[in-house]
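Visitor: Got a structure for you, protein.cif, holding mmCIF, C-alpha atoms and all ligand atoms.
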```cif
data_protein
#
loop_
_atom_site.group_PDB
_atom_site.id
_atom_site.type_symbol
_atom_site.label_atom_id
_atom_site.label_comp_id
_atom_site.auth_asym_id
_atom_site.auth_seq_id
_atom_site.Cartn_x
_atom_site.Cartn_y
_atom_site.Cartn_z
ATOM 1 C CA MET A 1 0.000 0.000 0.000
ATOM 2 C CA SER A 2 2.939 2.283 0.516
ATOM 3 C CA SER A 3 4.224 3.942 -2.587
ATOM 4 C CA VAL A 4 7.499 4.943 -1.038
ATOM 5 C CA SER A 5 10.419 3.650 -3.000
ATOM 6 C CA MET A 6 13.346 2.723 -0.883
ATOM 7 C CA PRO A 7 16.586 4.249 -2.096
ATOM 8 C CA HIS A 8 18.782 1.963 -0.012
ATOM 9 C CA THR A 9 20.313 0.327 -3.044
ATOM 10 C CA ALA A 10 21.361 3.630 -4.580
ATOM 11 C CA GLY A 11 24.995 3.711 -5.446
ATOM 12 C CA ASN A 12 25.149 -0.045 -5.627
ATOM 13 C CA GLY A 13 27.152 -0.088 -8.808
ATOM 14 C CA LEU A 14 27.831 -3.170 -10.782
ATOM 15 C CA GLU A 15 31.440 -4.164 -10.831
ATOM 16 C CA PRO A 16 32.982 -5.648 -13.924
ATOM 17 C CA GLY A 17 33.036 -9.376 -13.520
ATOM 18 C CA PHE A 18 30.134 -9.325 -11.109
ATOM 19 C CA ARG A 19 29.227 -12.881 -10.236
ATOM 20 C CA GLY A 20 26.008 -13.184 -8.407
ATOM 21 C CA VAL A 21 22.348 -12.695 -8.832
ATOM 22 C CA ILE A 22 20.715 -9.917 -10.761
ATOM 23 C CA CYS A 23 17.144 -9.487 -9.596
ATOM 24 C CA ALA A 24 15.101 -7.530 -12.082
ATOM 25 C CA SER A 25 11.514 -6.760 -11.243
ATOM 26 C CA PHE A 26 8.888 -5.081 -13.362
ATOM 27 C CA GLY A 27 5.695 -3.260 -12.692
ATOM 28 C CA ALA A 28 4.134 -2.653 -9.332
ATOM 29 C CA ALA A 29 5.385 -5.917 -7.884
ATOM 30 C CA GLY A 30 7.764 -5.688 -5.003
ATOM 31 C CA ASP A 31 11.341 -6.802 -5.327
ATOM 32 C CA THR A 32 10.964 -9.634 -2.894
ATOM 33 C CA ALA A 33 10.892 -12.435 -5.390
ATOM 34 C CA ASP A 34 14.183 -13.659 -4.168
ATOM 35 C CA LYS A 35 15.035 -17.308 -4.024
ATOM 36 C CA GLN A 36 18.654 -16.839 -3.147
ATOM 37 C CA SER A 37 20.248 -16.685 0.235
ATOM 38 C CA ASP A 38 21.955 -13.479 1.180
ATOM 39 C CA SER A 39 25.383 -15.007 0.903
ATOM 40 C CA GLN A 40 25.625 -14.134 -2.775
ATOM 41 C CA PRO A 41 26.242 -10.701 -4.164
ATOM 42 C CA LYS A 42 23.071 -9.302 -5.526
ATOM 43 C CA LEU A 43 22.010 -6.488 -7.764
ATOM 44 C CA ASN A 44 18.447 -5.297 -7.633
ATOM 45 C CA LEU A 45 16.951 -3.569 -10.619
ATOM 46 C CA HIS A 46 13.435 -2.321 -10.772
ATOM 47 C CA PHE A 47 11.628 -1.102 -13.849
ATOM 48 C CA GLU A 48 8.125 0.171 -14.391
ATOM 49 C CA ALA A 49 7.849 -1.903 -17.522
ATOM 50 C CA ALA A 50 10.008 -3.579 -20.116
ATOM 51 C CA THR A 51 10.532 -0.399 -22.098
ATOM 52 C CA PRO A 52 13.389 -0.124 -24.587
ATOM 53 C CA GLU A 53 15.249 1.982 -22.010
ATOM 54 C CA ALA A 54 14.751 -0.588 -19.296
ATOM 55 C CA LEU A 55 15.845 -3.383 -21.573
ATOM 56 C CA SER A 56 18.937 -1.542 -22.657
ATOM 57 C CA GLU A 57 19.846 -0.946 -19.035
ATOM 58 C CA LEU A 58 19.403 -4.620 -18.353
ATOM 59 C CA ARG A 59 21.473 -5.412 -21.404
ATOM 60 C CA SER A 60 24.341 -3.269 -20.206
ATOM 61 C CA ALA A 61 24.184 -4.813 -16.738
ATOM 62 C CA LEU A 62 24.320 -8.273 -18.247
ATOM 63 C CA GLY A 63 26.912 -7.280 -20.788
ATOM 64 C CA SER A 64 29.474 -6.476 -18.127
ATOM 65 C CA SER A 65 28.781 -9.564 -16.121
ATOM 66 C CA SER A 66 27.797 -12.353 -18.435
ATOM 67 C CA VAL A 67 29.891 -15.071 -16.820
ATOM 68 C CA GLY A 68 28.665 -16.747 -13.683
ATOM 69 C CA VAL A 69 25.732 -14.445 -13.262
ATOM 70 C CA ARG A 70 22.213 -15.573 -12.599
ATOM 71 C CA LEU A 71 19.165 -13.607 -13.446
ATOM 72 C CA LEU A 72 15.921 -13.551 -11.542
ATOM 73 C CA LEU A 73 13.034 -11.862 -13.300
ATOM 74 C CA SER A 74 9.738 -11.038 -11.684
ATOM 75 C CA GLY A 75 6.696 -9.142 -12.806
ATOM 76 C CA PRO A 76 4.020 -9.368 -15.463
ATOM 77 C CA THR A 77 4.602 -12.234 -17.841
ATOM 78 C CA ALA A 78 4.953 -10.044 -20.921
ATOM 79 C CA ASP A 79 7.637 -7.923 -19.301
ATOM 80 C CA ILE A 80 9.730 -10.746 -17.968
ATOM 81 C CA ARG A 81 9.533 -12.569 -21.285
ATOM 82 C CA ALA A 82 10.882 -9.487 -23.013
ATOM 83 C CA ALA A 83 13.642 -9.282 -20.439
ATOM 84 C CA ALA A 84 14.421 -12.966 -20.809
ATOM 85 C CA ALA A 85 14.785 -12.491 -24.539
ATOM 86 C CA VAL A 86 17.319 -9.732 -23.949
ATOM 87 C CA ALA A 87 19.169 -11.930 -21.484
ATOM 88 C CA ALA A 88 19.280 -14.734 -24.029
ATOM 89 C CA GLU A 89 20.788 -12.310 -26.533
ATOM 90 C CA CYS A 90 23.431 -11.537 -23.957
ATOM 91 C CA GLY A 91 24.330 -15.196 -23.776
ATOM 92 C CA LEU A 92 22.484 -16.340 -20.697
ATOM 93 C CA GLN A 93 21.215 -19.876 -20.772
ATOM 94 C CA GLN A 94 17.695 -20.777 -19.777
ATOM 95 C CA GLU A 95 18.950 -22.486 -16.634
ATOM 96 C CA GLU A 96 20.654 -19.288 -15.556
ATOM 97 C CA MET A 97 17.370 -17.427 -15.494
ATOM 98 C CA THR A 98 14.471 -17.737 -13.119
ATOM 99 C CA LEU A 99 11.198 -16.293 -14.302
ATOM 100 C CA LEU A 100 8.618 -15.506 -11.686
ATOM 101 C CA SER A 101 5.510 -14.182 -13.292
ATOM 102 C CA ALA A 102 3.277 -12.003 -11.170
ATOM 103 C CA GLU A 103 0.411 -14.377 -11.802
ATOM 104 C CA SER A 104 1.948 -16.998 -9.570
ATOM 105 C CA ALA A 105 2.769 -14.378 -6.932
ATOM 106 C CA PRO A 106 5.550 -16.113 -5.067
ATOM 107 C CA ARG A 107 6.201 -15.117 -1.497
ATOM 108 C CA VAL A 108 9.536 -15.103 0.172
ATOM 109 C CA ILE A 109 9.634 -16.646 3.617
ATOM 110 C CA TYR A 110 12.218 -15.571 6.130
ATOM 111 C CA CYS A 111 13.664 -18.299 8.330
ATOM 112 C CA PRO A 112 14.354 -17.139 11.908
ATOM 113 C CA HIS A 113 16.765 -20.026 12.452
ATOM 114 C CA CYS A 114 19.292 -19.626 9.692
ATOM 115 C CA HIS A 115 18.209 -16.211 8.351
ATOM 116 C CA SER A 116 17.890 -17.421 4.806
ATOM 117 C CA THR A 117 14.878 -16.881 2.620
ATOM 118 C CA THR A 118 12.843 -19.374 0.665
ATOM 119 C CA ALA A 119 10.467 -18.543 -2.149
ATOM 120 C CA THR A 120 7.177 -20.330 -2.300
ATOM 121 C CA THR A 121 3.834 -20.073 -3.985
ATOM 122 C CA GLU A 122 2.115 -21.804 -1.074
ATOM 123 C CA PRO A 123 -0.537 -19.772 0.747
ATOM 124 C CA ALA A 124 -0.134 -18.530 4.300
ATOM 125 C CA GLY A 125 -0.402 -21.370 6.770
ATOM 126 C CA ALA A 126 1.292 -23.901 4.524
ATOM 127 C CA GLU A 127 4.507 -25.627 5.501
ATOM 128 C CA VAL A 128 7.550 -24.988 3.404
ATOM 129 C CA PRO A 129 10.962 -26.528 3.961
ATOM 130 C CA CYS A 130 13.622 -23.890 4.509
ATOM 131 C CA GLN A 131 16.244 -23.770 1.785
ATOM 132 C CA GLY A 132 18.935 -23.051 4.302
ATOM 133 C CA CYS A 133 18.361 -25.426 7.204
ATOM 134 C CA SER A 134 15.502 -27.676 6.054
ATOM 135 C CA THR A 135 13.318 -26.670 8.967
ATOM 136 C CA ASP A 136 9.656 -26.925 8.077
ATOM 137 C CA LEU A 137 8.482 -23.351 8.140
ATOM 138 C CA VAL A 138 4.896 -22.282 8.511
ATOM 139 C CA THR A 139 4.293 -19.307 6.275
ATOM 140 C CA THR A 140 2.553 -16.269 7.683
ATOM 141 C CA ASP A 141 0.955 -13.126 6.381
ATOM 142 C CA HIS A 142 3.323 -10.960 8.358
ATOM 143 C CA PHE A 143 5.487 -9.125 5.888
ATOM 144 C CA SER A 144 8.649 -7.637 7.306
ATOM 145 C CA ARG A 145 9.871 -4.670 5.356
ATOM 146 C CA ARG A 146 13.163 -4.877 7.159
ATOM 147 C CA MET A 147 13.688 -8.468 6.069
ATOM 148 C CA GLY A 148 11.992 -7.944 2.730
ATOM 149 C CA ALA A 149 10.170 -11.193 3.329
ATOM 150 C CA TYR A 150 7.286 -12.814 5.091
ATOM 151 C CA LEU A 151 8.119 -14.156 8.493
ATOM 152 C CA GLY A 152 8.064 -17.878 8.976
ATOM 153 C CA TYR A 153 8.213 -19.980 12.092
ATOM 154 C CA ALA A 154 9.161 -23.547 12.725
ATOM 155 C CA ALA A 155 6.289 -25.956 12.363
ATOM 156 C CA ARG A 156 7.880 -28.264 14.891
ATOM 157 C CA VAL A 157 10.497 -27.466 17.463
ATOM 158 C CA GLU A 158 12.973 -30.266 17.089
ATOM 159 C CA GLU A 159 15.859 -29.099 19.177
ATOM 160 C CA ALA A 160 16.011 -27.729 22.658
ATOM 161 C CA SER A 161 17.943 -24.540 22.981
HETATM 162 ZN ZN ZN B 1 16.404 -22.002 7.893
#
```
Mind turning the file's structure into structure tokens?
Ligand SMILES: [Zn+2]

Guide:
Amino acid sequence: MSSVSMPHTAGNGLEPGFRGVICASFGAAGDTADKQSDSQPKLNLHFEAATPEALSELRSALGSSSVGVRLLLSGPTADIRAAAAVAAECGLQQEEMTLLSAESAPRVIYCPHCHSTTATTEPAGAEVPCQGCSTDLVTTDHFSRRMGAYLGYAARVEEAS
């Protein structure tokens, strides 16, 4: 509901030889479609739509970092398909791209145990195994802006602490 755009990634320039994940999101969707743990370098790009300008910016980002980079695209299907086509021109293979269309609306669940995030299309209340520590997480509707993810909690407490 907030229309405030967070400038916290400003100045996050792309180094030559960047090896990590480029997350490009389109449209009004948030930039939380993130299946990767935070251990990898990440570049977040957000575009209103797959305009020629947006695509050329994406092209230049990919052009300087075509080796070892992975691309995560989220947003309306038409936009991410256009972006995927540009990425393919830049030499990315299909398996190096993840397309998350807005129609499937994936949610990112934050794990309080290992602090990694797991993307899922399951509704709130479902159990999702954590990517990081395999704990079964119950998904919630509590979105944490600080974490950029929905908060999860362990479905079963298996270890005493
Ligand atoms: Zn975990």

Visitor: Would you translate the PyMOL selection byres (((not hetatm)) within 12 of (chain B and resi 1)) into the concrete set of residues it matches in this file, as a CSV table (one decimal) with C-alpha atoms, in the frame of the given file?

Guide:
```
chain,number,residue,atom,x,y,z
A,37,SER,CA,20.2,-16.7,0.2
A,109,ILE,CA,9.6,-16.6,3.6
A,110,TYR,CA,12.2,-15.6,6.1
A,111,CYS,CA,13.7,-18.3,8.3
A,112,PRO,CA,14.4,-17.1,11.9
A,113,HIS,CA,16.8,-20.0,12.5
A,114,CYS,CA,19.3,-19.6,9.7
A,115,HIS,CA,18.2,-16.2,8.4
A,116,SER,CA,17.9,-17.4,4.8
A,117,THR,CA,14.9,-16.9,2.6
A,118,THR,CA,12.8,-19.4,0.7
A,128,VAL,CA,7.6,-25.0,3.4
A,129,PRO,CA,11.0,-26.5,4.0
A,130,CYS,CA,13.6,-23.9,4.5
A,131,GLN,CA,16.2,-23.8,1.8
A,132,GLY,CA,18.9,-23.1,4.3
A,133,CYS,CA,18.4,-25.4,7.2
A,134,SER,CA,15.5,-27.7,6.1
A,135,THR,CA,13.3,-26.7,9.0
A,136,ASP,CA,9.7,-26.9,8.1
A,137,LEU,CA,8.5,-23.4,8.1
A,138,VAL,CA,4.9,-22.3,8.5
A,151,LEU,CA,8.1,-14.2,8.5
A,152,GLY,CA,8.1,-17.9,9.0
A,153,TYR,CA,8.2,-20.0,12.1
A,154,ALA,CA,9.2,-23.5,12.7
A,155,ALA,CA,6.3,-26.0,12.4
```

Visitor: Once the PyMOL selection byres (((chain A and resi 126) around 9) and not hetatm) has been applied to the shown file, what residues remain in the selection, as a PyMOL selection string?

Guide: chain A and resi 122-125+127-128+137-140

Visitor: Of the candidates A:Thr98, A:Cys23, A:Ala119, A:Glu89, which one gets nearest to Gly63 in chain A if we count only C-alpha atoms?

Guide: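 Residue with the minimum atom-to-atom distance to Gly63 in chain A: A:Glu89.
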
Visitor: Starting from the displayed file, determine the output of the PyMOL selection byres (((chain A and resi 19) around 6) and not hetatm) and express the residue list as a count of residues only.

Guide: 4

Visitor: Using all atoms listed in the file, pick whichever of A:Ala82, A:Arg156, A:Gly27, A:Gln40 has the shortest atom-to-atom distance to Pro52 in chain A.

Guide: A:Ala82

Visitor: With all atoms of range 66-75 of chain A from the file as input, state the centre and edge lengths in Å to one decimal of the axis-aligned box that has 6 Å extra on each side, as JSON.

Guide:
```
{"center_x": 18.3, "center_y": -12.9, "center_z": -15.0, "size_x": 35.2, "size_y": 19.6, "size_z": 18.9}
```

Visitor: Report, in Å with one decimal, the straight-line distance from CA of Ala50 in chain A to CA of Ala83 in chain A.

Guide: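 Pair CA of Ala50 in chain A / CA of Ala83 in chain A returns 6.8 Å.
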
Visitor: Mind pulling up the distance from CA of Glu95 in chain A to CA of Met147 in chain A?

Guide: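 One can read the CA of Met147 in chain A to CA of Glu95 in chain A distance as 27.2 Å.
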
Visitor: Would you work out the distance separating CA of Leu45 in chain A from CA of Thr121 in chain A, expressed in Å to one decimal?

Guide: 22.1 Å

Visitor: Choose the residue, out of A:Thr120, A:Leu100, A:Ala61, A:Leu73, that has the smallest atom-to-atom separation from Ala85 in chain A; count only C-alpha atoms.

Guide: A:Leu73

Visitor: Step by step: start from the point (20.8, -22.5, -16.4) in the file's coordinates, keep every protein, DNA or RNA residue that has an atom no farther than 12 Å from it, count all atoms listed in the file, and write the set as a list in words.

Guide: Val67, Gly68, Val69, Arg70, Leu71, Leu72, Ala87, Ala88, Gly91, Leu92, Gln93, Gln94, Glu95, Glu96, Met97, Thr98 and Leu99 of chain A

Visitor: Which of these residues is nearest to Val86 in chain A, using all atoms listed in the file: A:Leu62, A:Leu43, A:Phe26, A:Val157?

Guide: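 For Val86 in chain A, the nearest of the candidates is A:Leu62.
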
Visitor: From the block you just saw, export range 13-146 of chain A: C-alpha atoms, as a PDB file, in the first residue's frame.

Guide:
```
ATOM      1  CA  GLY A  13      27.152  -0.088  -8.808  1.00  0.00           C
ATOM      2  CA  LEU A  14      27.831  -3.170 -10.782  1.00  0.00           C
ATOM      3  CA  GLU A  15      31.440  -4.164 -10.831  1.00  0.00           C
ATOM      4  CA  PRO A  16      32.982  -5.648 -13.924  1.00  0.00           C
ATOM      5  CA  GLY A  17      33.036  -9.376 -13.520  1.00  0.00           C
ATOM      6  CA  PHE A  18      30.134  -9.325 -11.109  1.00  0.00           C
ATOM      7  CA  ARG A  19      29.227 -12.881 -10.236  1.00  0.00           C
ATOM      8  CA  GLY A  20      26.008 -13.184  -8.407  1.00  0.00           C
ATOM      9  CA  VAL A  21      22.348 -12.695  -8.832  1.00  0.00           C
ATOM     10  CA  ILE A  22      20.715  -9.917 -10.761  1.00  0.00           C
ATOM     11  CA  CYS A  23      17.144  -9.487  -9.596  1.00  0.00           C
ATOM     12  CA  ALA A  24      15.101  -7.530 -12.082  1.00  0.00           C
ATOM     13  CA  SER A  25      11.514  -6.760 -11.243  1.00  0.00           C
ATOM     14  CA  PHE A  26       8.888  -5.081 -13.362  1.00  0.00           C
ATOM     15  CA  GLY A  27       5.695  -3.260 -12.692  1.00  0.00           C
ATOM     16  CA  ALA A  28       4.134  -2.653  -9.332  1.00  0.00           C
ATOM     17  CA  ALA A  29       5.385  -5.917  -7.884  1.00  0.00           C
ATOM     18  CA  GLY A  30       7.764  -5.688  -5.003  1.00  0.00           C
ATOM     19  CA  ASP A  31      11.341  -6.802  -5.327  1.00  0.00           C
ATOM     20  CA  THR A  32      10.964  -9.634  -2.894  1.00  0.00           C
ATOM     21  CA  ALA A  33      10.892 -12.435  -5.390  1.00  0.00           C
ATOM     22  CA  ASP A  34      14.183 -13.659  -4.168  1.00  0.00           C
ATOM     23  CA  LYS A  35      15.035 -17.308  -4.024  1.00  0.00           C
ATOM     24  CA  GLN A  36      18.654 -16.839  -3.147  1.00  0.00           C
ATOM     25  CA  SER A  37      20.248 -16.685   0.235  1.00  0.00           C
ATOM     26  CA  ASP A  38      21.955 -13.479   1.180  1.00  0.00           C
ATOM     27  CA  SER A  39      25.383 -15.007   0.903  1.00  0.00           C
ATOM     28  CA  GLN A  40      25.625 -14.134  -2.775  1.00  0.00           C
ATOM     29  CA  PRO A  41      26.242 -10.701  -4.164  1.00  0.00           C
ATOM     30  CA  LYS A  42      23.071  -9.302  -5.526  1.00  0.00           C
ATOM     31  CA  LEU A  43      22.010  -6.488  -7.764  1.00  0.00           C
ATOM     32  CA  ASN A  44      18.447  -5.297  -7.633  1.00  0.00           C
ATOM     33  CA  LEU A  45      16.951  -3.569 -10.619  1.00  0.00           C
ATOM     34  CA  HIS A  46      13.435  -2.321 -10.772  1.00  0.00           C
ATOM     35  CA  PHE A  47      11.628  -1.102 -13.849  1.00  0.00           C
ATOM     36  CA  GLU A  48       8.125   0.171 -14.391  1.00  0.00           C
ATOM     37  CA  ALA A  49       7.849  -1.903 -17.522  1.00  0.00           C
ATOM     38  CA  ALA A  50      10.008  -3.579 -20.116  1.00  0.00           C
ATOM     39  CA  THR A  51      10.532  -0.399 -22.098  1.00  0.00           C
ATOM     40  CA  PRO A  52      13.389  -0.124 -24.587  1.00  0.00           C
ATOM     41  CA  GLU A  53      15.249   1.982 -22.010  1.00  0.00           C
ATOM     42  CA  ALA A  54      14.751  -0.588 -19.296  1.00  0.00           C
ATOM     43  CA  LEU A  55      15.845  -3.383 -21.573  1.00  0.00           C
ATOM     44  CA  SER A  56      18.937  -1.542 -22.657  1.00  0.00           C
ATOM     45  CA  GLU A  57      19.846  -0.946 -19.035  1.00  0.00           C
ATOM     46  CA  LEU A  58      19.403  -4.620 -18.353  1.00  0.00           C
ATOM     47  CA  ARG A  59      21.473  -5.412 -21.404  1.00  0.00           C
ATOM     48  CA  SER A  60      24.341  -3.269 -20.206  1.00  0.00           C
ATOM     49  CA  ALA A  61      24.184  -4.813 -16.738  1.00  0.00           C
ATOM     50  CA  LEU A  62      24.320  -8.273 -18.247  1.00  0.00           C
ATOM     51  CA  GLY A  63      26.912  -7.280 -20.788  1.00  0.00           C
ATOM     52  CA  SER A  64      29.474  -6.476 -18.127  1.00  0.00           C
ATOM     53  CA  SER A  65      28.781  -9.564 -16.121  1.00  0.00           C
ATOM     54  CA  SER A  66      27.797 -12.353 -18.435  1.00  0.00           C
ATOM     55  CA  VAL A  67      29.891 -15.071 -16.820  1.00  0.00           C
ATOM     56  CA  GLY A  68      28.665 -16.747 -13.683  1.00  0.00           C
ATOM     57  CA  VAL A  69      25.732 -14.445 -13.262  1.00  0.00           C
ATOM     58  CA  ARG A  70      22.213 -15.573 -12.599  1.00  0.00           C
ATOM     59  CA  LEU A  71      19.165 -13.607 -13.446  1.00  0.00           C
ATOM     60  CA  LEU A  72      15.921 -13.551 -11.542  1.00  0.00           C
ATOM     61  CA  LEU A  73      13.034 -11.862 -13.300  1.00  0.00           C
ATOM     62  CA  SER A  74       9.738 -11.038 -11.684  1.00  0.00           C
ATOM     63  CA  GLY A  75       6.696  -9.142 -12.806  1.00  0.00           C
ATOM     64  CA  PRO A  76       4.020  -9.368 -15.463  1.00  0.00           C
ATOM     65  CA  THR A  77       4.602 -12.234 -17.841  1.00  0.00           C
ATOM     66  CA  ALA A  78       4.953 -10.044 -20.921  1.00  0.00           C
ATOM     67  CA  ASP A  79       7.637  -7.923 -19.301  1.00  0.00           C
ATOM     68  CA  ILE A  80       9.730 -10.746 -17.968  1.00  0.00           C
ATOM     69  CA  ARG A  81       9.533 -12.569 -21.285  1.00  0.00           C
ATOM     70  CA  ALA A  82      10.882  -9.487 -23.013  1.00  0.00           C
ATOM     71  CA  ALA A  83      13.642  -9.282 -20.439  1.00  0.00           C
ATOM     72  CA  ALA A  84      14.421 -12.966 -20.809  1.00  0.00           C
ATOM     73  CA  ALA A  85      14.785 -12.491 -24.539  1.00  0.00           C
ATOM     74  CA  VAL A  86      17.319  -9.732 -23.949  1.00  0.00           C
ATOM     75  CA  ALA A  87      19.169 -11.930 -21.484  1.00  0.00           C
ATOM     76  CA  ALA A  88      19.280 -14.734 -24.029  1.00  0.00           C
ATOM     77  CA  GLU A  89      20.788 -12.310 -26.533  1.00  0.00           C
ATOM     78  CA  CYS A  90      23.431 -11.537 -23.957  1.00  0.00           C
ATOM     79  CA  GLY A  91      24.330 -15.196 -23.776  1.00  0.00           C
ATOM     80  CA  LEU A  92      22.484 -16.340 -20.697  1.00  0.00           C
ATOM     81  CA  GLN A  93      21.215 -19.876 -20.772  1.00  0.00           C
ATOM     82  CA  GLN A  94      17.695 -20.777 -19.777  1.00  0.00           C
ATOM     83  CA  GLU A  95      18.950 -22.486 -16.634  1.00  0.00           C
ATOM     84  CA  GLU A  96      20.654 -19.288 -15.556  1.00  0.00           C
ATOM     85  CA  MET A  97      17.370 -17.427 -15.494  1.00  0.00           C
ATOM     86  CA  THR A  98      14.471 -17.737 -13.119  1.00  0.00           C
ATOM     87  CA  LEU A  99      11.198 -16.293 -14.302  1.00  0.00           C
ATOM     88  CA  LEU A 100       8.618 -15.506 -11.686  1.00  0.00           C
ATOM     89  CA  SER A 101       5.510 -14.182 -13.292  1.00  0.00           C
ATOM     90  CA  ALA A 102       3.277 -12.003 -11.170  1.00  0.00           C
ATOM     91  CA  GLU A 103       0.411 -14.377 -11.802  1.00  0.00           C
ATOM     92  CA  SER A 104       1.948 -16.998  -9.570  1.00  0.00           C
ATOM     93  CA  ALA A 105       2.769 -14.378  -6.932  1.00  0.00           C
ATOM     94  CA  PRO A 106       5.550 -16.113  -5.067  1.00  0.00           C
ATOM     95  CA  ARG A 107       6.201 -15.117  -1.497  1.00  0.00           C
ATOM     96  CA  VAL A 108       9.536 -15.103   0.172  1.00  0.00           C
ATOM     97  CA  ILE A 109       9.634 -16.646   3.617  1.00  0.00           C
ATOM     98  CA  TYR A 110      12.218 -15.571   6.130  1.00  0.00           C
ATOM     99  CA  CYS A 111      13.664 -18.299   8.330  1.00  0.00           C
ATOM    100  CA  PRO A 112      14.354 -17.139  11.908  1.00  0.00           C
ATOM    101  CA  HIS A 113      16.765 -20.026  12.452  1.00  0.00           C
ATOM    102  CA  CYS A 114      19.292 -19.626   9.692  1.00  0.00           C
ATOM    103  CA  HIS A 115      18.209 -16.211   8.351  1.00  0.00           C
ATOM    104  CA  SER A 116      17.890 -17.421   4.806  1.00  0.00           C
ATOM    105  CA  THR A 117      14.878 -16.881   2.620  1.00  0.00           C
ATOM    106  CA  THR A 118      12.843 -19.374   0.665  1.00  0.00           C
ATOM    107  CA  ALA A 119      10.467 -18.543  -2.149  1.00  0.00           C
ATOM    108  CA  THR A 120       7.177 -20.330  -2.300  1.00  0.00           C
ATOM    109  CA  THR A 121       3.834 -20.073  -3.985  1.00  0.00           C
ATOM    110  CA  GLU A 122       2.115 -21.804  -1.074  1.00  0.00           C
ATOM    111  CA  PRO A 123      -0.537 -19.772   0.747  1.00  0.00           C
ATOM    112  CA  ALA A 124      -0.134 -18.530   4.300  1.00  0.00           C
ATOM    113  CA  GLY A 125      -0.402 -21.370   6.770  1.00  0.00           C
ATOM    114  CA  ALA A 126       1.292 -23.901   4.524  1.00  0.00           C
ATOM    115  CA  GLU A 127       4.507 -25.627   5.501  1.00  0.00           C
ATOM    116  CA  VAL A 128       7.550 -24.988   3.404  1.00  0.00           C
ATOM    117  CA  PRO A 129      10.962 -26.528   3.961  1.00  0.00           C
ATOM    118  CA  CYS A 130      13.622 -23.890   4.509  1.00  0.00           C
ATOM    119  CA  GLN A 131      16.244 -23.770   1.785  1.00  0.00           C
ATOM    120  CA  GLY A 132      18.935 -23.051   4.302  1.00  0.00           C
ATOM    121  CA  CYS A 133      18.361 -25.426   7.204  1.00  0.00           C
ATOM    122  CA  SER A 134      15.502 -27.676   6.054  1.00  0.00           C
ATOM    123  CA  THR A 135      13.318 -26.670   8.967  1.00  0.00           C
ATOM    124  CA  ASP A 136       9.656 -26.925   8.077  1.00  0.00           C
ATOM    125  CA  LEU A 137       8.482 -23.351   8.140  1.00  0.00           C
ATOM    126  CA  VAL A 138       4.896 -22.282   8.511  1.00  0.00           C
ATOM    127  CA  THR A 139       4.293 -19.307   6.275  1.00  0.00           C
ATOM    128  CA  THR A 140       2.553 -16.269   7.683  1.00  0.00           C
ATOM    129  CA  ASP A 141       0.955 -13.126   6.381  1.00  0.00           C
ATOM    130  CA  HIS A 142       3.323 -10.960   8.358  1.00  0.00           C
ATOM    131  CA  PHE A 143       5.487  -9.125   5.888  1.00  0.00           C
ATOM    132  CA  SER A 144       8.649  -7.637   7.306  1.00  0.00           C
ATOM    133  CA  ARG A 145       9.871  -4.670   5.356  1.00  0.00           C
ATOM    134  CA  ARG A 146      13.163  -4.877   7.159  1.00  0.00           C
TER     135      ARG A 146
END
```
